[in-house]
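Trainee: You'll find start13.cif just under this line, and it carries mmCIF, C-alpha atoms, pLDDT in the B column; chains and numbers go by the auth columns.
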data_run
#
loop_
_atom_site.group_PDB
_atom_site.id
_atom_site.type_symbol
_atom_site.label_atom_id
_atom_site.label_comp_id
_atom_site.label_asym_id
_atom_site.label_seq_id
_atom_site.Cartn_x
_atom_site.Cartn_y
_atom_site.Cartn_z
_atom_site.B_iso_or_equiv
_atom_site.auth_seq_id
_atom_site.auth_asym_id
ATOM 1 C CA MET A 1 -44.321 -59.794 -12.278 65.00 1 Z
ATOM 2 C CA THR A 2 -47.467 -57.703 -12.594 80.00 2 Z
ATOM 3 C CA ASP A 3 -49.539 -57.368 -9.427 93.00 3 Z
ATOM 4 C CA PHE A 4 -53.196 -58.273 -9.962 97.00 4 Z
ATOM 5 C CA LEU A 5 -56.171 -57.283 -7.849 97.00 5 Z
ATOM 6 C CA TRP A 6 -58.790 -60.007 -8.196 98.00 6 Z
ATOM 7 C CA THR A 7 -62.537 -59.703 -7.647 98.00 7 Z
ATOM 8 C CA ARG A 8 -64.298 -63.019 -8.152 98.00 8 Z
ATOM 9 C CA PRO A 9 -67.963 -64.088 -8.201 98.00 9 Z
ATOM 10 C CA ALA A 10 -69.291 -65.770 -5.095 96.00 10 Z
ATOM 11 C CA ASP A 11 -70.720 -68.583 -7.236 94.00 11 Z
ATOM 12 C CA VAL A 12 -70.048 -69.669 -10.825 93.00 12 Z
ATOM 13 C CA THR A 13 -67.561 -67.730 -12.963 96.00 13 Z
ATOM 14 C CA HIS A 14 -68.747 -67.448 -16.561 97.00 14 Z
ATOM 15 C CA ALA A 15 -65.991 -65.141 -17.814 98.00 15 Z
ATOM 16 C CA THR A 16 -62.791 -63.400 -16.750 98.00 16 Z
ATOM 17 C CA LEU A 17 -61.983 -59.782 -17.619 98.00 17 Z
ATOM 18 C CA LEU A 18 -58.417 -58.474 -17.452 98.00 18 Z
ATOM 19 C CA LEU A 19 -59.109 -54.816 -16.683 98.00 19 Z
ATOM 20 C CA ALA A 20 -56.758 -51.835 -17.042 98.00 20 Z
ATOM 21 C CA HIS A 21 -57.277 -48.420 -15.464 98.00 21 Z
ATOM 22 C CA GLY A 22 -57.662 -45.029 -17.123 97.00 22 Z
ATOM 23 C CA ALA A 23 -54.962 -42.399 -17.513 96.00 23 Z
ATOM 24 C CA GLY A 24 -55.224 -40.757 -14.107 92.00 24 Z
ATOM 25 C CA ALA A 25 -56.834 -43.115 -11.572 93.00 25 Z
ATOM 26 C CA ALA A 26 -55.320 -46.293 -10.135 95.00 26 Z
ATOM 27 C CA MET A 27 -56.731 -49.812 -10.291 97.00 27 Z
ATOM 28 C CA ASP A 28 -58.251 -49.449 -6.795 97.00 28 Z
ATOM 29 C CA SER A 29 -60.061 -46.172 -7.470 97.00 29 Z
ATOM 30 C CA SER A 30 -63.696 -45.917 -6.408 97.00 30 Z
ATOM 31 C CA PHE A 31 -64.950 -46.403 -9.964 97.00 31 Z
ATOM 32 C CA MET A 32 -62.761 -49.434 -10.667 98.00 32 Z
ATOM 33 C CA THR A 33 -63.721 -51.028 -7.356 98.00 33 Z
ATOM 34 C CA ARG A 34 -67.444 -50.469 -7.938 98.00 34 Z
ATOM 35 C CA LEU A 35 -67.225 -51.792 -11.490 98.00 35 Z
ATOM 36 C CA ALA A 36 -65.294 -54.901 -10.438 98.00 36 Z
ATOM 37 C CA ALA A 37 -67.873 -55.663 -7.738 98.00 37 Z
ATOM 38 C CA ALA A 38 -70.764 -55.250 -10.179 98.00 38 Z
ATOM 39 C CA LEU A 39 -69.047 -57.495 -12.708 98.00 39 Z
ATOM 40 C CA ALA A 40 -68.473 -60.175 -10.073 98.00 40 Z
ATOM 41 C CA ASP A 41 -72.161 -59.999 -9.165 98.00 41 Z
ATOM 42 C CA SER A 42 -72.868 -60.676 -12.864 98.00 42 Z
ATOM 43 C CA GLY A 43 -70.632 -63.765 -12.942 98.00 43 Z
ATOM 44 C CA VAL A 44 -67.513 -62.090 -14.366 98.00 44 Z
ATOM 45 C CA ALA A 45 -64.216 -62.421 -12.501 98.00 45 Z
ATOM 46 C CA VAL A 46 -62.057 -59.305 -12.759 98.00 46 Z
ATOM 47 C CA ALA A 47 -58.270 -59.103 -12.621 98.00 47 Z
ATOM 48 C CA ARG A 48 -57.240 -55.465 -12.306 98.00 48 Z
ATOM 49 C CA PHE A 49 -53.668 -54.376 -13.007 98.00 49 Z
ATOM 50 C CA GLU A 50 -51.646 -51.192 -13.407 97.00 50 Z
ATOM 51 C CA PHE A 51 -49.368 -49.970 -16.146 96.00 51 Z
ATOM 52 C CA PRO A 52 -45.772 -49.380 -14.981 93.00 52 Z
ATOM 53 C CA TYR A 53 -46.087 -45.585 -14.749 93.00 53 Z
ATOM 54 C CA MET A 54 -49.053 -45.915 -12.379 94.00 54 Z
ATOM 55 C CA ALA A 55 -47.522 -48.754 -10.346 92.00 55 Z
ATOM 56 C CA ALA A 56 -44.387 -46.619 -9.848 90.00 56 Z
ATOM 57 C CA ARG A 57 -46.437 -44.014 -7.986 88.00 57 Z
ATOM 58 C CA ARG A 58 -47.075 -46.536 -5.204 85.00 58 Z
ATOM 59 C CA THR A 59 -43.359 -46.798 -4.476 83.00 59 Z
ATOM 60 C CA GLY A 60 -42.673 -43.088 -4.359 78.00 60 Z
ATOM 61 C CA GLY A 61 -42.104 -42.645 -8.025 65.00 61 Z
ATOM 62 C CA LYS A 62 -42.630 -39.249 -9.594 72.00 62 Z
ATOM 63 C CA LYS A 63 -46.229 -38.589 -10.628 79.00 63 Z
ATOM 64 C CA THR A 64 -45.579 -38.477 -14.343 81.00 64 Z
ATOM 65 C CA PRO A 65 -48.277 -38.387 -17.010 86.00 65 Z
ATOM 66 C CA PRO A 66 -48.929 -41.604 -18.905 92.00 66 Z
ATOM 67 C CA PRO A 67 -46.896 -42.286 -22.025 95.00 67 Z
ATOM 68 C CA LYS A 68 -48.576 -42.497 -25.403 96.00 68 Z
ATOM 69 C CA ALA A 69 -51.141 -45.263 -25.512 96.00 69 Z
ATOM 70 C CA ASP A 70 -49.282 -47.362 -28.070 95.00 70 Z
ATOM 71 C CA LEU A 71 -46.286 -47.566 -25.704 97.00 71 Z
ATOM 72 C CA LEU A 72 -48.465 -49.376 -23.144 98.00 72 Z
ATOM 73 C CA VAL A 73 -49.478 -52.262 -25.407 98.00 73 Z
ATOM 74 C CA GLY A 74 -46.463 -54.347 -24.404 97.00 74 Z
ATOM 75 C CA ALA A 75 -47.309 -54.065 -20.711 97.00 75 Z
ATOM 76 C CA PHE A 76 -50.888 -55.149 -21.419 98.00 76 Z
ATOM 77 C CA GLN A 77 -49.647 -58.126 -23.421 97.00 77 Z
ATOM 78 C CA THR A 78 -47.402 -59.163 -20.522 97.00 78 Z
ATOM 79 C CA ALA A 79 -50.391 -58.980 -18.173 98.00 79 Z
ATOM 80 C CA VAL A 80 -52.389 -61.223 -20.540 98.00 80 Z
ATOM 81 C CA GLN A 81 -49.630 -63.822 -20.504 96.00 81 Z
ATOM 82 C CA GLN A 82 -49.368 -63.764 -16.710 96.00 82 Z
ATOM 83 C CA VAL A 83 -53.076 -63.988 -15.908 97.00 83 Z
ATOM 84 C CA SER A 84 -54.170 -66.365 -18.659 95.00 84 Z
ATOM 85 C CA ALA A 85 -53.634 -69.535 -16.629 94.00 85 Z
ATOM 86 C CA GLU A 86 -55.975 -68.256 -13.884 95.00 86 Z
ATOM 87 C CA ALA A 87 -58.718 -67.055 -16.226 97.00 87 Z
ATOM 88 C CA GLU A 88 -61.946 -69.041 -16.022 97.00 88 Z
ATOM 89 C CA GLY A 89 -64.632 -69.121 -18.697 98.00 89 Z
ATOM 90 C CA THR A 90 -64.570 -66.691 -21.596 98.00 90 Z
ATOM 91 C CA PHE A 91 -61.397 -64.598 -21.416 98.00 91 Z
ATOM 92 C CA LEU A 92 -61.823 -60.869 -22.131 98.00 92 Z
ATOM 93 C CA ILE A 93 -59.447 -57.932 -22.056 98.00 93 Z
ATOM 94 C CA GLY A 94 -60.461 -54.329 -21.533 98.00 94 Z
ATOM 95 C CA GLY A 95 -60.195 -51.184 -19.534 98.00 95 Z
ATOM 96 C CA LYS A 96 -61.512 -47.848 -18.445 98.00 96 Z
ATOM 97 C CA SER A 97 -60.947 -45.046 -20.973 98.00 97 Z
ATOM 98 C CA MET A 98 -57.256 -45.174 -21.934 98.00 98 Z
ATOM 99 C CA GLY A 99 -57.024 -48.752 -20.661 98.00 99 Z
ATOM 100 C CA GLY A 100 -59.778 -49.785 -23.068 98.00 100 Z
ATOM 101 C CA ARG A 101 -58.061 -48.001 -25.914 98.00 101 Z
ATOM 102 C CA VAL A 102 -54.823 -49.901 -25.209 98.00 102 Z
ATOM 103 C CA ALA A 103 -56.769 -53.183 -25.032 98.00 103 Z
ATOM 104 C CA ALA A 104 -58.277 -52.445 -28.443 98.00 104 Z
ATOM 105 C CA MET A 105 -54.792 -51.721 -29.816 98.00 105 Z
ATOM 106 C CA LEU A 106 -53.566 -55.063 -28.496 98.00 106 Z
ATOM 107 C CA ALA A 107 -56.565 -56.786 -30.084 98.00 107 Z
ATOM 108 C CA GLY A 108 -55.334 -55.589 -33.465 97.00 108 Z
ATOM 109 C CA SER A 109 -52.115 -57.565 -33.036 95.00 109 Z
ATOM 110 C CA ALA A 110 -51.591 -61.031 -34.446 94.00 110 Z
ATOM 111 C CA SER A 111 -49.666 -61.892 -31.277 91.00 111 Z
ATOM 112 C CA LEU A 112 -52.766 -61.771 -29.050 96.00 112 Z
ATOM 113 C CA PRO A 113 -53.465 -65.327 -27.807 95.00 113 Z
ATOM 114 C CA GLY A 114 -56.503 -67.026 -29.312 96.00 114 Z
ATOM 115 C CA ARG A 115 -57.749 -67.615 -25.765 96.00 115 Z
ATOM 116 C CA VAL A 116 -58.782 -63.941 -25.643 98.00 116 Z
ATOM 117 C CA LYS A 117 -62.259 -63.781 -27.172 98.00 117 Z
ATOM 118 C CA GLY A 118 -63.304 -60.130 -26.882 98.00 118 Z
ATOM 119 C CA VAL A 119 -62.550 -56.577 -25.798 98.00 119 Z
ATOM 120 C CA VAL A 120 -64.445 -54.401 -23.308 98.00 120 Z
ATOM 121 C CA CYS A 121 -64.063 -50.608 -23.326 98.00 121 Z
ATOM 122 C CA VAL A 122 -65.722 -48.666 -20.505 98.00 122 Z
ATOM 123 C CA GLY A 123 -65.938 -45.012 -21.463 98.00 123 Z
ATOM 124 C CA TYR A 124 -63.929 -45.221 -24.686 98.00 124 Z
ATOM 125 C CA PRO A 125 -61.993 -41.989 -25.427 98.00 125 Z
ATOM 126 C CA PHE A 126 -63.269 -41.509 -28.963 98.00 126 Z
ATOM 127 C CA HIS A 127 -61.603 -38.093 -29.106 97.00 127 Z
ATOM 128 C CA PRO A 128 -59.822 -35.688 -26.742 92.00 128 Z
ATOM 129 C CA THR A 129 -62.180 -33.417 -24.830 88.00 129 Z
ATOM 130 C CA GLY A 130 -63.116 -30.400 -26.898 86.00 130 Z
ATOM 131 C CA LYS A 131 -61.627 -31.926 -30.069 89.00 131 Z
ATOM 132 C CA ALA A 132 -64.495 -33.815 -31.677 84.00 132 Z
ATOM 133 C CA ASP A 133 -62.705 -33.697 -35.035 86.00 133 Z
ATOM 134 C CA VAL A 134 -59.771 -35.812 -33.777 92.00 134 Z
ATOM 135 C CA TRP A 135 -61.236 -39.319 -33.775 96.00 135 Z
ATOM 136 C CA ARG A 136 -59.490 -42.371 -32.281 97.00 136 Z
ATOM 137 C CA LEU A 137 -61.289 -45.008 -34.309 97.00 137 Z
ATOM 138 C CA GLU A 138 -58.324 -46.947 -35.692 97.00 138 Z
ATOM 139 C CA PRO A 139 -57.907 -49.338 -32.719 98.00 139 Z
ATOM 140 C CA LEU A 140 -61.592 -50.244 -32.949 98.00 140 Z
ATOM 141 C CA GLU A 141 -61.478 -50.677 -36.719 97.00 141 Z
ATOM 142 C CA GLN A 142 -58.363 -52.873 -36.612 97.00 142 Z
ATOM 143 C CA SER A 143 -59.386 -55.072 -33.686 98.00 143 Z
ATOM 144 C CA ARG A 144 -59.378 -58.784 -34.521 97.00 144 Z
ATOM 145 C CA ARG A 145 -61.834 -59.487 -31.726 98.00 145 Z
ATOM 146 C CA PRO A 146 -65.407 -58.315 -31.077 98.00 146 Z
ATOM 147 C CA VAL A 147 -65.520 -55.097 -29.051 98.00 147 Z
ATOM 148 C CA LEU A 148 -68.139 -53.939 -26.548 99.00 148 Z
ATOM 149 C CA ILE A 149 -68.174 -50.268 -25.561 98.00 149 Z
ATOM 150 C CA THR A 150 -70.230 -49.084 -22.603 98.00 150 Z
ATOM 151 C CA GLN A 151 -70.507 -45.307 -22.920 98.00 151 Z
ATOM 152 C CA GLY A 152 -72.214 -42.568 -20.947 98.00 152 Z
ATOM 153 C CA GLU A 153 -74.748 -40.727 -23.092 98.00 153 Z
ATOM 154 C CA ARG A 154 -73.009 -37.406 -22.447 97.00 154 Z
ATOM 155 C CA ASP A 155 -69.413 -38.597 -22.232 98.00 155 Z
ATOM 156 C CA PRO A 156 -67.177 -35.605 -23.152 97.00 156 Z
ATOM 157 C CA PHE A 157 -64.815 -38.007 -24.914 97.00 157 Z
ATOM 158 C CA GLY A 158 -67.611 -39.148 -27.228 97.00 158 Z
ATOM 159 C CA SER A 159 -71.268 -38.503 -26.494 97.00 159 Z
ATOM 160 C CA GLN A 160 -74.237 -40.317 -27.992 98.00 160 Z
ATOM 161 C CA ALA A 161 -75.087 -37.216 -30.025 97.00 161 Z
ATOM 162 C CA GLU A 162 -71.560 -37.037 -31.465 96.00 162 Z
ATOM 163 C CA LEU A 163 -71.387 -40.750 -32.187 96.00 163 Z
ATOM 164 C CA ALA A 164 -74.646 -40.649 -34.140 94.00 164 Z
ATOM 165 C CA ALA A 165 -72.601 -39.335 -37.056 90.00 165 Z
ATOM 166 C CA VAL A 166 -69.893 -42.013 -36.804 94.00 166 Z
ATOM 167 C CA SER A 167 -69.868 -45.385 -38.568 94.00 167 Z
ATOM 168 C CA LEU A 168 -68.357 -48.180 -36.500 96.00 168 Z
ATOM 169 C CA PRO A 169 -67.407 -51.647 -37.776 96.00 169 Z
ATOM 170 C CA GLU A 170 -69.905 -54.484 -37.350 97.00 170 Z
ATOM 171 C CA HIS A 171 -67.692 -56.144 -34.737 98.00 171 Z
ATOM 172 C CA VAL A 172 -68.042 -53.096 -32.444 98.00 172 Z
ATOM 173 C CA SER A 173 -71.195 -52.758 -30.331 98.00 173 Z
ATOM 174 C CA LEU A 174 -72.215 -49.783 -28.185 98.00 174 Z
ATOM 175 C CA THR A 175 -74.265 -49.745 -25.002 98.00 175 Z
ATOM 176 C CA TYR A 176 -75.230 -46.284 -23.716 98.00 176 Z
ATOM 177 C CA LEU A 177 -75.750 -45.534 -20.039 98.00 177 Z
ATOM 178 C CA GLU A 178 -78.494 -43.055 -19.213 98.00 178 Z
ATOM 179 C CA ASP A 179 -77.253 -39.472 -18.789 98.00 179 Z
ATOM 180 C CA GLY A 180 -73.795 -40.835 -17.928 98.00 180 Z
ATOM 181 C CA ASN A 181 -70.567 -38.869 -18.054 98.00 181 Z
ATOM 182 C CA HIS A 182 -67.090 -40.372 -18.577 98.00 182 Z
ATOM 183 C CA ASP A 183 -67.398 -42.303 -15.308 97.00 183 Z
ATOM 184 C CA LEU A 184 -71.001 -43.256 -16.219 98.00 184 Z
ATOM 185 C CA GLY A 185 -72.372 -40.965 -13.495 98.00 185 Z
ATOM 186 C CA PRO A 186 -75.617 -39.062 -14.274 98.00 186 Z
ATOM 187 C CA ARG A 187 -76.533 -35.548 -13.195 96.00 187 Z
ATOM 188 C CA GLY A 188 -78.348 -35.046 -9.910 93.00 188 Z
ATOM 189 C CA GLN A 189 -81.727 -34.363 -11.494 93.00 189 Z
ATOM 190 C CA SER A 190 -81.569 -37.506 -13.652 95.00 190 Z
ATOM 191 C CA PRO A 191 -83.723 -40.532 -12.760 97.00 191 Z
ATOM 192 C CA ALA A 192 -80.643 -42.678 -13.410 97.00 192 Z
ATOM 193 C CA THR A 193 -78.055 -43.366 -10.709 97.00 193 Z
ATOM 194 C CA TRP A 194 -74.306 -43.948 -10.809 98.00 194 Z
ATOM 195 C CA GLY A 195 -74.687 -47.349 -9.209 98.00 195 Z
ATOM 196 C CA GLY A 196 -77.461 -48.288 -11.600 98.00 196 Z
ATOM 197 C CA ASN A 197 -75.373 -47.307 -14.618 98.00 197 Z
ATOM 198 C CA ILE A 198 -72.399 -49.294 -13.361 98.00 198 Z
ATOM 199 C CA ARG A 199 -74.614 -52.345 -12.823 98.00 199 Z
ATOM 200 C CA ALA A 200 -76.070 -51.898 -16.326 98.00 200 Z
ATOM 201 C CA ALA A 201 -72.562 -51.742 -17.775 98.00 201 Z
ATOM 202 C CA ALA A 202 -71.614 -54.919 -15.909 98.00 202 Z
ATOM 203 C CA ALA A 203 -74.729 -56.692 -17.154 98.00 203 Z
ATOM 204 C CA ALA A 204 -73.860 -55.690 -20.726 98.00 204 Z
ATOM 205 C CA VAL A 205 -70.354 -57.139 -20.307 98.00 205 Z
ATOM 206 C CA ALA A 206 -71.768 -60.421 -18.947 98.00 206 Z
ATOM 207 C CA ALA A 207 -74.213 -60.669 -21.865 98.00 207 Z
ATOM 208 C CA PHE A 208 -71.412 -59.874 -24.329 98.00 208 Z
ATOM 209 C CA ALA A 209 -69.268 -62.674 -22.880 98.00 209 Z
ATOM 210 C CA ARG A 210 -72.109 -65.188 -23.088 97.00 210 Z
ATOM 211 C CA GLN A 211 -72.670 -64.622 -26.796 97.00 211 Z
ATOM 212 C CA LEU A 212 -69.027 -65.040 -27.796 97.00 212 Z
ATOM 213 C CA PRO A 213 -67.990 -68.367 -29.318 89.00 213 Z
#
Would you kindly transcribe this structure into structure tokens?
Mentor:
Amino acid sequence: MTDFLWTRPADVTHATLLLAHGAGAAMDSSFMTRLAAALADSGVAVARFEFPYMAARRTGGKKTPPPKADLLVGAFQTAVQQVSAEAEGTFLIGGKSMGGRVAAMLAGSASLPGRVKGVVCVGYPFHPTGKADVWRLEPLEQSRRPVLITQGERDPFGSQAELAAVSLPEHVSLTYLEDGNHDLGPRGQSPATWGGNIRAAAAAVAAFARQLP
């Protein structure tokens, strides 16, 4: 069984997001915890989970790098099956960085349950850092569900300036966070704040969920 870390709204739950972590930080990292709290404040329940390689680190397992993203799709699908019965409202899948990429890969599969209505990618890794010619667009293009990407304007894995030259499918929408990096954090001299960008990302997810059929 997958272990889930739930963060639920204090009042009405309009949607549930099954949220995977990025390549290097666990489901209870500062970013994931802040994001889950902001989402709950926006009426979105969040079920965080970890891929097996990350969960193994908690039991003394060797700190190995993550496997290739496509090898994690099965684990995400298992998590969907396990959490589906507890999901309230519109059911979304998504993740931070690599986790969002894996969610998008799963959304391209015919085996994804119809209950899942959309995909949320927070800081999508459009390309490896320093390799803006190696684009990872295929999961987004092949997704059978609408996709929302919340992206820092200066994300090194795909900045707003770089993405201006990229054509995305109509079912993919982008929300930029002011002066944000890969964790949505702005620079010190920016009028934006990390907390403000996280809250803006959460609000975008809540609005995305509300407009899905």
Trainee: Please report the interatomic distance between atom CA of Ala104 of chain Z and atom CA of Thr193 of chain Z in Å with one decimal.
Mentor: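 If I compute the distance from atom CA of Ala104 of chain Z to atom CA of Thr193 of chain Z, I get 28.1 Å.
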Trainee: Compare Z:Ala107, Z:Ala55, Z:Leu148, Z:Ala165 by their minimum atom-to-atom distance to Tyr124 of chain Z, counting all atoms listed in the file, and give me the closest one.
Mentor: Z:Leu148
Trainee: Please identify all polymer residues lying at most 9 Å from the point (-59.9, -47.6, -31.7) (file coordinates), using all atoms listed in the file, and present the result as a PyMOL selection string.
Mentor: chain Z and resi 100-102+104-105+124-126+135-143
Trainee: For the selection you just gave me, I'd like the residues written to a file as a tab-separated table (two decimals), in the frame of the given file, keeping C-alpha atoms.
Mentor:
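Written out: part_0.tsv:
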chain	number	residue	atom	x	y	z
Z	100	GLY	CA	-59.78	-49.78	-23.07
Z	101	ARG	CA	-58.06	-48.00	-25.91
Z	102	VAL	CA	-54.82	-49.90	-25.21
Z	104	ALA	CA	-58.28	-52.44	-28.44
Z	105	MET	CA	-54.79	-51.72	-29.82
Z	124	TYR	CA	-63.93	-45.22	-24.69
Z	125	PRO	CA	-61.99	-41.99	-25.43
Z	126	PHE	CA	-63.27	-41.51	-28.96
Z	135	TRP	CA	-61.24	-39.32	-33.78
Z	136	ARG	CA	-59.49	-42.37	-32.28
Z	137	LEU	CA	-61.29	-45.01	-34.31
Z	138	GLU	CA	-58.32	-46.95	-35.69
Z	139	PRO	CA	-57.91	-49.34	-32.72
Z	140	LEU	CA	-61.59	-50.24	-32.95
Z	141	GLU	CA	-61.48	-50.68	-36.72
Z	142	GLN	CA	-58.36	-52.87	-36.61
Z	143	SER	CA	-59.39	-55.07	-33.69
Trainee: Could you give me, as a compact mmCIF listing (two decimals) with C-alpha atoms, in the coordinates of the input, the residues within 7 Å of segment 15-28 of chain Z, counting only C-alpha atoms and dropping anything in the same chain fewer than 6 positions from it?
Mentor:
# COMPACT_ATOMS: atom_id res chain seq x y z
CA GLY Z 43 -70.63 -63.76 -12.94
CA VAL Z 44 -67.51 -62.09 -14.37
CA ALA Z 45 -64.22 -62.42 -12.50
CA VAL Z 46 -62.06 -59.30 -12.76
CA ALA Z 47 -58.27 -59.10 -12.62
CA ARG Z 48 -57.24 -55.46 -12.31
CA PHE Z 49 -53.67 -54.38 -13.01
CA GLU Z 50 -51.65 -51.19 -13.41
CA MET Z 54 -49.05 -45.92 -12.38
CA PRO Z 66 -48.93 -41.60 -18.90
CA ALA Z 87 -58.72 -67.06 -16.23
CA GLU Z 88 -61.95 -69.04 -16.02
CA GLY Z 89 -64.63 -69.12 -18.70
CA THR Z 90 -64.57 -66.69 -21.60
CA PHE Z 91 -61.40 -64.60 -21.42
CA LEU Z 92 -61.82 -60.87 -22.13
CA ILE Z 93 -59.45 -57.93 -22.06
CA GLY Z 94 -60.46 -54.33 -21.53
CA GLY Z 95 -60.20 -51.18 -19.53
CA LYS Z 96 -61.51 -47.85 -18.44
CA SER Z 97 -60.95 -45.05 -20.97
CA MET Z 98 -57.26 -45.17 -21.93
CA GLY Z 99 -57.02 -48.75 -20.66
CA ALA Z 209 -69.27 -62.67 -22.88
Trainee: Here is a test: counting all atoms listed in the file, which residue of Z:Gly60, Z:Pro65, Z:Gly158, Z:Pro213 is nearest to Leu174 of chain Z?
Mentor: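 Result for the nearest residue to Leu174 of chain Z: Z:Gly158.
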